[in-house]
Amino acid sequence: MCDEAARSRVLVVGATGRLGGSLVRASLAAGHPTFALVRPHHFAVPDSTPLRSLAGATLVKGSLEDYPSLLEAVGQVDVVVCAVPTKQALEQKPLIRAIKEAGCVKRFIPAEFGLDPTKVQIRGMDHGFYEKKIEIRHLIESEGIPHTYVCCNFLMRYLLPSLVQPGLDAPPRDEVKIFGDGNTRGVFVEETDVAKFTICTIDDPRTLNNTLYLRPLGNVYSMNELVDLWEKKINKFLNKIYITEEQLLKNIEGKR
Ligand SMILES: NC(=O)c1ccc[n+]([C@@H]2O[C@H](COP(=O)([O-])OP(=O)(O)OC[C@H]3O[C@@H](n4cnc5c(N)ncnc54)[C@H](OP(=O)(O)O)[C@@H]3O)[C@@H](O)[C@H]2O)c1
């Protein structure tokens with residue numbers, strides 16, 4: 001049965017993941033009764049780190065492949081937030097079916113948490129990365145499920161630690177590749193902030209059936225600006241190699 005308590009009851013799917021864990025902690029911190037869908041293999045080690053990190057949440061054993069577990073989990077809450085990886089976006093279909101069948105969910109936030117899939121063009125090289133998210137949006141909307149899409153742009157843990165140098169783990173100290181002219185700006189956000197904003201939005205009528213874009217002013221930087229900051233920090237100028245869009249596409253296609 002669905003609960004009518006004043007504070008929204010929140011279910012996080014993908015709770016043992018990086019963003020999912022932050023969502024659980026943000027939800028608990030905001031005082032929401034919080035439920036975490038956890039796959040059965042985690043319970044094989046009762047006091048494991050992933051389970052301990054969810055302390056305070058009600059753990060529900062289940063998975064996207066186990067429809068009865070989804071129905072049971074969804075039936076206890078008002079809000080469902082999903083944070084499974086994008087490559088598994090289409091696996092949210094049974095979750096959407098369960099939300100429809102349970103009938104008590106006032107808001108569903110699907111696994112997006114990136115660029116707006118309807119505004120990105122990737123020229124057929126992304127293995128359906130954005131199409132999957134769009135397909136899930138269409139299903140949510142055709143089923144009439146109340147929703148919010150969270151477009152947070154880039155998580156800081158990706159790209160930024162290497163100063164946007166694919167293949168590196170740390171910023172370069174001699175030579176840096178700059179894609180395009182380096183003036184296009186990107187938005188880099190901290191995962192815990194994304195989680196907090198996501199939880200803030202669940203009771204906000206302005207974001208119902210709408211998209212929330214996260215673009216904090218202090219988090220918007222071009223590649224040239226990032227390189228400039230890094231050079232000041234290490235007190236050294238880097239050799240800059242500019243790579244045109246055309247060359248980058250050739251590199252990705254392996255046609256050097
Ligand atoms: N904007 C960006 O730069 C950026 C970067 C990365 C990710 N993201 C977004 O962040 C979100 C989460 O990504 P993440 O990197 O935090 O994920 P992650 O750390 O890989 O965690 C994935 C979670 O999904 C769970 N899961 C996987 N398959 C499942 C299934 N069949 N049933 C139930 N749970 C399942 C995993 O459970 P187990 O622990 O059991 O495996 C885990 O809890 C995604 O929406 C992704 O698009 C955005």
# chains A, B, ... in the order shown; residues from 1 in each chain; ligands from 1

$ residues_near_ligand --ligand "ligand 1" --cutoff "6 Å" --atoms "only C-alpha atoms and all ligand atoms" --output "list in words"
Val13, Gly14, Ala15, Thr16, Gly17, Arg18, Leu19, Gly20, Arg39, Ser63, Leu64, Glu65, Ala83, Val84, Pro85, Thr86, Ala111, Glu112, Phe113, Gly114, Asn153, Phe154, Leu155 and Tyr158 of chain A

$ residues_around --residues "A:Asn224" --least-positions-apart "6" --cutoff "10 Å" --atoms "only C-alpha atoms" --output "PDB file with C-alpha atoms, in the first residue's frame"
ATOM      1  CA  ILE A 178      42.752  21.061 -26.625  1.00  0.00           C
ATOM      2  CA  PHE A 179      39.735  20.059 -28.667  1.00  0.00           C
ATOM      3  CA  ASP A 181      39.515  26.244 -30.248  1.00  0.00           C
ATOM      4  CA  GLY A 182      39.173  25.585 -26.521  1.00  0.00           C
ATOM      5  CA  ASN A 183      36.614  28.307 -25.987  1.00  0.00           C
ATOM      6  CA  THR A 184      33.458  26.163 -25.718  1.00  0.00           C
ATOM      7  CA  ARG A 185      32.361  25.945 -22.125  1.00  0.00           C
ATOM      8  CA  TRP A 230      46.291  24.503 -14.086  1.00  0.00           C
ATOM      9  CA  LYS A 240      49.203  23.221 -26.349  1.00  0.00           C
TER      10      LYS A 240
END

$ closest_residue --among "A:Gly180, A:Pro110, A:Pro161, A:Gly124" --to "A:Arg137" --atoms "only C-alpha atoms"
A:Pro110

$ residues_around --residues "A:Leu249" --least-positions-apart "2" --cutoff "12 Å" --atoms "only C-alpha atoms" --output "PyMOL selection string"
chain A and resi 122-126+179-180+243-247+251-256

$ write_last_selection --atoms "all heavy atoms" --output "tab-separated table (two decimals), in the first residue's frame"
chain	number	residue	atom	x	y	z
A	122	ILE	N	25.64	13.17	-31.91
A	122	ILE	CA	26.90	12.43	-31.82
A	122	ILE	C	27.22	11.69	-33.13
A	122	ILE	O	28.06	10.84	-33.18
A	122	ILE	CB	26.86	11.41	-30.65
A	122	ILE	CG1	26.61	12.11	-29.33
A	122	ILE	CG2	28.15	10.63	-30.53
A	122	ILE	CD1	27.83	12.63	-28.63
A	123	ARG	N	26.58	11.97	-34.20
A	123	ARG	CA	26.93	11.41	-35.51
A	123	ARG	C	27.10	9.89	-35.51
A	123	ARG	O	28.10	9.36	-36.00
A	123	ARG	CB	28.25	12.01	-36.00
A	123	ARG	CG	28.18	13.48	-36.27
A	123	ARG	CD	29.02	13.75	-37.48
A	123	ARG	NE	29.46	15.11	-37.50
A	123	ARG	CZ	30.46	15.53	-38.25
A	123	ARG	NH1	31.13	14.69	-38.98
A	123	ARG	NH2	30.79	16.78	-38.26
A	124	GLY	N	26.18	9.18	-34.88
A	124	GLY	CA	26.18	7.72	-34.98
A	124	GLY	C	27.35	7.01	-34.35
A	124	GLY	O	27.69	5.89	-34.72
A	125	MET	N	28.06	7.65	-33.43
A	125	MET	CA	29.24	7.01	-32.84
A	125	MET	C	29.06	6.66	-31.37
A	125	MET	O	30.01	6.30	-30.69
A	125	MET	CB	30.43	7.96	-32.90
A	125	MET	CG	30.99	8.16	-34.25
A	125	MET	SD	32.56	8.95	-33.99
A	125	MET	CE	32.57	10.11	-35.22
A	126	ASP	N	27.86	6.85	-30.85
A	126	ASP	CA	27.72	6.71	-29.39
A	126	ASP	C	27.03	5.42	-28.97
A	126	ASP	O	26.63	5.27	-27.83
A	126	ASP	CB	26.97	7.92	-28.81
A	126	ASP	CG	25.52	7.94	-29.26
A	126	ASP	OD1	25.20	7.30	-30.28
A	126	ASP	OD2	24.70	8.59	-28.58
A	179	PHE	N	40.64	20.43	-27.58
A	179	PHE	CA	39.74	20.06	-28.67
A	179	PHE	C	38.99	21.29	-29.16
A	179	PHE	O	38.42	22.04	-28.37
A	179	PHE	CB	38.78	18.96	-28.19
A	179	PHE	CG	39.54	17.77	-27.66
A	179	PHE	CD1	39.63	17.52	-26.30
A	179	PHE	CD2	40.21	16.93	-28.53
A	179	PHE	CE1	40.37	16.45	-25.82
A	179	PHE	CE2	40.96	15.86	-28.07
A	179	PHE	CZ	41.03	15.62	-26.70
A	180	GLY	N	39.02	21.49	-30.49
A	180	GLY	CA	38.44	22.70	-31.07
A	180	GLY	C	39.32	23.89	-30.72
A	180	GLY	O	40.54	23.74	-30.53
A	243	ILE	N	43.36	20.32	-31.49
A	243	ILE	CA	42.86	19.26	-32.36
A	243	ILE	C	41.50	19.69	-32.91
A	243	ILE	O	40.57	19.97	-32.13
A	243	ILE	CB	42.75	17.93	-31.58
A	243	ILE	CG1	44.15	17.55	-31.11
A	243	ILE	CG2	42.12	16.84	-32.43
A	243	ILE	CD1	44.25	16.29	-30.35
A	244	THR	N	41.41	19.76	-34.23
A	244	THR	CA	40.16	20.23	-34.83
A	244	THR	C	39.07	19.17	-34.66
A	244	THR	O	39.35	17.99	-34.42
A	244	THR	CB	40.33	20.49	-36.34
A	244	THR	OG1	40.67	19.23	-36.94
A	244	THR	CG2	41.42	21.50	-36.61
A	245	GLU	N	37.84	19.63	-34.83
A	245	GLU	CA	36.71	18.71	-34.73
A	245	GLU	C	36.85	17.58	-35.75
A	245	GLU	O	36.64	16.40	-35.44
A	245	GLU	CB	35.40	19.48	-34.96
A	245	GLU	CG	34.18	18.60	-34.86
A	245	GLU	CD	32.88	19.37	-35.08
A	245	GLU	OE1	32.89	20.60	-35.03
A	245	GLU	OE2	31.85	18.70	-35.30
A	246	GLU	N	37.26	17.95	-36.96
A	246	GLU	CA	37.41	16.96	-38.02
A	246	GLU	C	38.45	15.90	-37.64
A	246	GLU	O	38.22	14.70	-37.79
A	246	GLU	CB	37.82	17.69	-39.31
A	246	GLU	CG	37.78	16.83	-40.53
A	246	GLU	CD	38.41	17.55	-41.72
A	246	GLU	OE1	39.25	18.46	-41.53
A	246	GLU	OE2	38.04	17.19	-42.85
A	247	GLN	N	39.59	16.36	-37.10
A	247	GLN	CA	40.65	15.43	-36.71
A	247	GLN	C	40.19	14.54	-35.56
A	247	GLN	O	40.45	13.34	-35.53
A	247	GLN	CB	41.91	16.21	-36.29
A	247	GLN	CG	43.10	15.33	-35.97
A	247	GLN	CD	43.51	14.46	-37.16
A	247	GLN	OE1	43.64	14.96	-38.27
A	247	GLN	NE2	43.68	13.16	-36.92
A	251	ASN	N	40.07	10.57	-35.40
A	251	ASN	CA	40.75	9.79	-34.35
A	251	ASN	C	39.80	8.78	-33.73
A	251	ASN	O	40.15	7.63	-33.50
A	251	ASN	CB	41.28	10.71	-33.25
A	251	ASN	CG	42.42	11.60	-33.72
A	251	ASN	OD1	42.89	11.44	-34.85
A	251	ASN	ND2	42.83	12.53	-32.89
A	252	ILE	N	38.56	9.26	-33.46
A	252	ILE	CA	37.59	8.37	-32.82
A	252	ILE	C	37.26	7.21	-33.75
A	252	ILE	O	37.13	6.06	-33.34
A	252	ILE	CB	36.30	9.15	-32.44
A	252	ILE	CG1	36.62	10.19	-31.35
A	252	ILE	CG2	35.22	8.20	-31.95
A	252	ILE	CD1	35.50	11.15	-31.04
A	253	GLU	N	37.16	7.50	-35.03
A	253	GLU	CA	36.83	6.44	-35.99
A	253	GLU	C	38.05	5.57	-36.30
A	253	GLU	O	37.96	4.62	-37.05
A	253	GLU	CB	36.32	7.07	-37.29
A	253	GLU	CG	34.92	7.63	-37.16
A	253	GLU	CD	34.54	8.53	-38.34
A	253	GLU	OE1	35.45	8.93	-39.11
A	253	GLU	OE2	33.36	8.85	-38.46
A	254	GLY	N	39.21	5.92	-35.76
A	254	GLY	CA	40.42	5.15	-35.98
A	254	GLY	C	40.99	5.31	-37.37
A	254	GLY	O	41.66	4.43	-37.90
A	255	LYS	N	40.74	6.48	-38.02
A	255	LYS	CA	41.23	6.71	-39.39
A	255	LYS	C	42.32	7.76	-39.38
A	255	LYS	O	42.29	8.70	-40.14
A	255	LYS	CB	40.07	7.24	-40.25
A	255	LYS	CG	39.03	6.22	-40.59
A	255	LYS	CD	38.08	6.87	-41.56
A	255	LYS	CE	36.79	6.07	-41.64
A	255	LYS	NZ	35.72	6.90	-42.17
A	256	ARG	N	43.26	7.68	-38.53
A	256	ARG	CA	44.32	8.70	-38.45
A	256	ARG	C	45.00	8.95	-39.78
A	256	ARG	O	45.24	8.05	-40.53
A	256	ARG	CB	45.39	8.26	-37.47
A	256	ARG	CG	44.98	8.47	-36.06
A	256	ARG	CD	45.93	7.74	-35.14
A	256	ARG	NE	45.40	7.73	-33.81
A	256	ARG	CZ	45.61	8.71	-32.93
A	256	ARG	NH1	46.34	9.73	-33.24
A	256	ARG	NH2	45.10	8.65	-31.73

$ residues_around --residues "A:Ser22" --least-positions-apart "4" --cutoff "7 Å" --atoms "only C-alpha atoms" --output "list in words"
Arg18, Ala26, Thr192 and Ala195 of chain A

$ closest_residue --among "A:Thr148, A:Ser222, A:Thr211, A:Asn239" --to "A:Val81" --atoms "only C-alpha atoms"
A:Thr148

$ select_by_dssp --residues "stretch 38-112 of chain A" --states "alpha helix (DSSP H)" --output "number ranges by chain"
A: 49-52, 67-74, 93-102

$ closest_residue --among "A:Val176, A:Ile96, A:Val74, A:Val187" --to "A:Ser142" --atoms "only C-alpha atoms"
A:Ile96

$ closest_residue --among "A:Ser53, A:Gln92, A:Thr201, A:Thr34" --to "A:Leu214" --atoms "only C-alpha atoms"
A:Thr201

$ residues_around --residues "A:Val77" --least-positions-apart "4" --cutoff "12 Å" --atoms "only C-alpha atoms" --output "PyMOL selection string"
chain A and resi 1-12+32-37+58+60+70-73+81+98-99+102-108

$ closest_residue --among "A:Asp116, A:Ile140, A:Ser69, A:Asp47" --to "A:Lys93" --atoms "only C-alpha atoms"
A:Ile140

$ atom_distance --atom1 "atom CA of A:Arg25" --atom2 "atom CA of A:Gln88"
23.0 Å

$ atom_distance --atom1 "atom CA of A:Tyr130" --atom2 "atom CA of A:Cys151"
12.3 Å

$ select_by_dssp --residues "stretch 2-248 of chain A" --states "strand (DSSP E)" --output "NGL selection string"
:A and (10-13 or 34-38 or 58-61 or 79-82 or 107-109 or 148-151 or 154-155 or 175-179 or 185-189 or 210-213 or 220-222 or 239-243)

$ residues_around --residues "A:Pro171" --least-positions-apart "5" --cutoff "8 Å" --atoms "only C-alpha atoms" --output "list in words"
Pro161, Ser162, Leu163 and Gln165 of chain A

$ closest_residue --among "A:Gly62, A:Gly75, A:Gly218, A:Pro166" --to "A:Gly186" --atoms "only C-alpha atoms"
A:Gly218

$ residues_around --residues "stretch 231-233 of chain A" --least-positions-apart "5" --cutoff "9 Å" --atoms "only C-alpha atoms" --output "ChimeraX atom specification"
/A:173,226,238
